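K.L.:
There's a structure below that I have some questions on.
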Amino acid sequence: MVDIWSGIAQAFWLVFTLDAELLEIAGRSLRVTLSALLVACLIALPLAALVAVKRFRARRLVIAVLNALMGLPPVVVGLIVYVVLSRSGPLGVMGLLFTPTAMIIAQVIIIVPLIASIAHQSIRDLWEEYHDLLISMNVTQGQKIQTLLWDSRRALLTAALAGFGRAIGEVGAIMIVGGNIDHATRVLTTAIALETGKGEFALALALGFVLIGLAVAVNLAIHWLGRTEREGRW
Amino acid sequence: MKHWIMGAISALAIGSAAQAADVMKMAVTTSFNNSGLADVLLPEIAADLDLEVQLLVVGTGQALKLGEAGDVDAILVHSRKAEEAFVAGGFGSHRTEIMYNDFVFIGPKADPAAIAGSDAATAALAAIADAGSNFVSRGDDSGTHKKELSLWAEAGLDPVQFGDWYNAVGAGMGAALNTASGMPAYVMSDRASWLNFGNKGDLALLYAGDPVLFNQYAYLPVNPEMHAHVKNDLALKLEEWLISDRAKALINDYKINGETLFVFNAKTAE
């Protein structure tokens, strides 16, 4: 219990003194995860809309696979990305292993199925509503997807935030592909694992509280920017 | 507003990191990093050579693997047999001994297996096995783990046949110490990790000093003939620094709570 209190005290201390190292790793955490989120959304959202709108033979299979991959174990993703990016692997010549880029790749793979599945769920419901209207207006497939994506944007925000939550708190994959290198690939979660390994529970907890605070702050900021959850609005 | 958001996102995405002129990657063992010596040496290396050494902190087993794959430019580990196999396999150009520290036996203060007065490391282990006291093994194929296994073998015992008291945790030194602290259990640690460890709890240093517990660290640059992309020139520059008098002074003067941790023993010309 003592550790928790000293952890909270230390977290406050680190934040209020704007500890340079904390700012660096927290900034890197945000940068890696937001980049991964951006890329993942660009892949997952159109994919979700496409699967909702287009009828094709393997559609059920794609949906089932996406749903199943939501539970993809990060450590396995990390291992696969590691083997592929290693100098002795197929993409080794790019020299990406142990860089933030490798961490972004791993996170994208982890959160694309999650975002696509949640997004597909809400887009499908909206499609049921819009189907007759859009068909009668004889719009193209691309226009359908655009309309659906725009009109379900609040639900898609939830999907994106779920992806963000999974990525920012992830440690198994980025530890393997990033290597937790000081001043290069160390982020909040890997720093927490490191400090725990040193037996420095208070500092590890302090970093944990900073991580939680960061996640809450990002969520609030996105809601504020998207003007959701406000009085008199849905 | 929209432009502002896009600007912020792209600024985050680009992710520029100011770095030193030269950057190389070196895989080191957890025990080396936990000792805190890296925090002393790396800034000096950066100042003297304008070289940023990025450390990958892993077990010896993984460090050798990283070297074999060419994912790092050099490794600093402590498992002589594995190192010699690494050089023999052509993965490393050569092996340079840098310094040594020693392993110690940690255990519950009450010392249920009474190892404190043992006359040899193997006798201490045999006492733990006889008493069936909880023992935490690294179990991660690291240098420390290999050393522990060789000591069991010397004591004429086989960990495979041990009962529930033998816990192979498959984790780094810090995690193993955490586990031992929680049980409490006996554990073999390098002295540096133990002294720097923050969660000692009911544990105490019970046995040390047997010469078989000395732990030699060696530096191995990855062979550029095997992997053309490795920064061999930087690895050699670092090696020159590591065996210099400057490194000698820094390593020998590094102390925790007044205790010397490492003894420099590199031979300048080999």
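Chains: A, B, ... in order of the structure tokens. Residues: from 1 per chain. Ligands: from 1, in order shown.
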I want to know what sits within 6 Å of Ala171 of chain B, based on only C-alpha atoms, with residues of the same chain fewer than 2 positions away left out; could you give that as a list of chain:residue names?

P.N.:
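Everything that qualifies: B:Arg138, B:Asp140, B:Val169, B:Ala175.
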
K.L.:
Can you build me a table of chain A residues sitting at most 8 Å from chain B, with the closest atom pair per residue and its distance in Å to one decimal, using only C-alpha atoms, sorted by chain and residue number, as a tab-separated table?

P.N.:
```
residue	atom	partner	partner_atom	distance
A:Leu30	CA	B:Leu12	CA	7.8
A:Arg31	CA	B:Leu12	CA	4.9
A:Val32	CA	B:Ala13	CA	7.4
A:Leu34	CA	B:Ala13	CA	7.3
A:Ser35	CA	B:Ala13	CA	5.0
A:Ser86	CA	B:Asp71	CA	6.3
A:Arg87	CA	B:Asp71	CA	5.6
A:Ser88	CA	B:Ala69	CA	5.3
A:Leu97	CA	B:Asp71	CA	7.4
A:Gly179	CA	B:Leu56	CA	5.7
A:Asn180	CA	B:Leu56	CA	6.9
A:Ile181	CA	B:Leu55	CA	5.7
A:Asp182	CA	B:Gln54	CA	7.0
A:Ala184	CA	B:Gln54	CA	7.6
A:Thr196	CA	B:Ala175	CA	7.4
A:Gly197	CA	B:Gly174	CA	4.2
A:Lys198	CA	B:Gly174	CA	5.0
A:Gly199	CA	B:Gly198	CA	4.6
A:Glu200	CA	B:Gly198	CA	5.3
A:Phe201	CA	B:Asn199	CA	7.8
```

K.L.:
Need to verify the contact set: segment 48-54 of chain A, 8 Å, only C-alpha atoms, exclusion of same-chain residues closer than 6 positions in sequence. Can you return it as JSON, numbers by chain?

P.N.:
{"A": [62, 63, 116, 117, 119, 120, 123, 124, 127, 141, 144, 145, 148, 149]}

K.L.:
Please determine, counting only C-alpha atoms, which residue among B:Pro184, B:Pro43, B:Gly92, B:Pro221 has the shortest atom-to-atom distance to Ala204 of chain B.

P.N.:
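That would be B:Pro184, the residue with the smallest distance to Ala204 of chain B.
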
K.L.:
Do you know which residues are at most 7 Å from segment 113-121 of chain B counting only C-alpha atoms, after dropping those on the same chain fewer than 2 positions away, and could you put them as a PyMOL selection string?

P.N.:
chain B and resi 111+123-125+127-128+131+133+206-207+210

K.L.:
Can you list every residue in segment 19-260 of chain B that DSSP puts in alpha helix (DSSP H), as a ChimeraX atom specification?

P.N.:
/B:30-34,37-49,60-69,80-88,121-131,143-154,173-182,191-196,232-242,245-252

K.L.:
Rounded to one decimal in Å, what is the spacing between atom CA of Trp5 of chain A and atom CA of Gly107 of chain B?

P.N.:
28.0 Å

K.L.:
So that I can check the surroundings of Gly7 of chain A, please list as JSON, numbers by chain every protein, DNA and RNA residue that reaches within 10 Å of it, counting only C-alpha atoms and ignoring chain neighbours fewer than 2 positions away.

P.N.:
{"A": [1, 2, 3, 4, 5, 9, 10, 11, 12, 13, 200, 201, 202, 203, 204, 205, 206, 207, 208, 209]}

K.L.:
Which of segment 60-155 of chain B counts as strand (DSSP E or B) under DSSP, as an MDAnalysis selection string please?

P.N.:
chainID B and resid 74:77 92 96:108 135:137

K.L.:
Can you list, as a list of chain:residue names, every protein, DNA or RNA residue that comes within 12 Å of Val76 of chain A when you count only C-alpha atoms, leaving out same-chain residues fewer than 3 positions away?

P.N.:
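Neighbouring residues, sequence-local ones excluded: A:Leu69, A:Gly71, A:Leu72, A:Pro73, A:Leu79, A:Ile80, A:Val81, A:Tyr82, A:Val83, A:Ala106, A:Gln107, A:Ile109, A:Ile110, A:Val171, A:Gly172, A:Ala173, A:Ile174, A:Met175, A:Ile176, A:Val177.
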
K.L.:
Which residue gives the smallest distance to Ser29 of chain A among A:Ile222, A:Val216, A:Ala167, A:Leu156, with only C-alpha atoms counted?

P.N.:
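Comparing A:Ile222, A:Val216, A:Ala167, A:Leu156 against Ser29 of chain A, the winner is A:Ala167.
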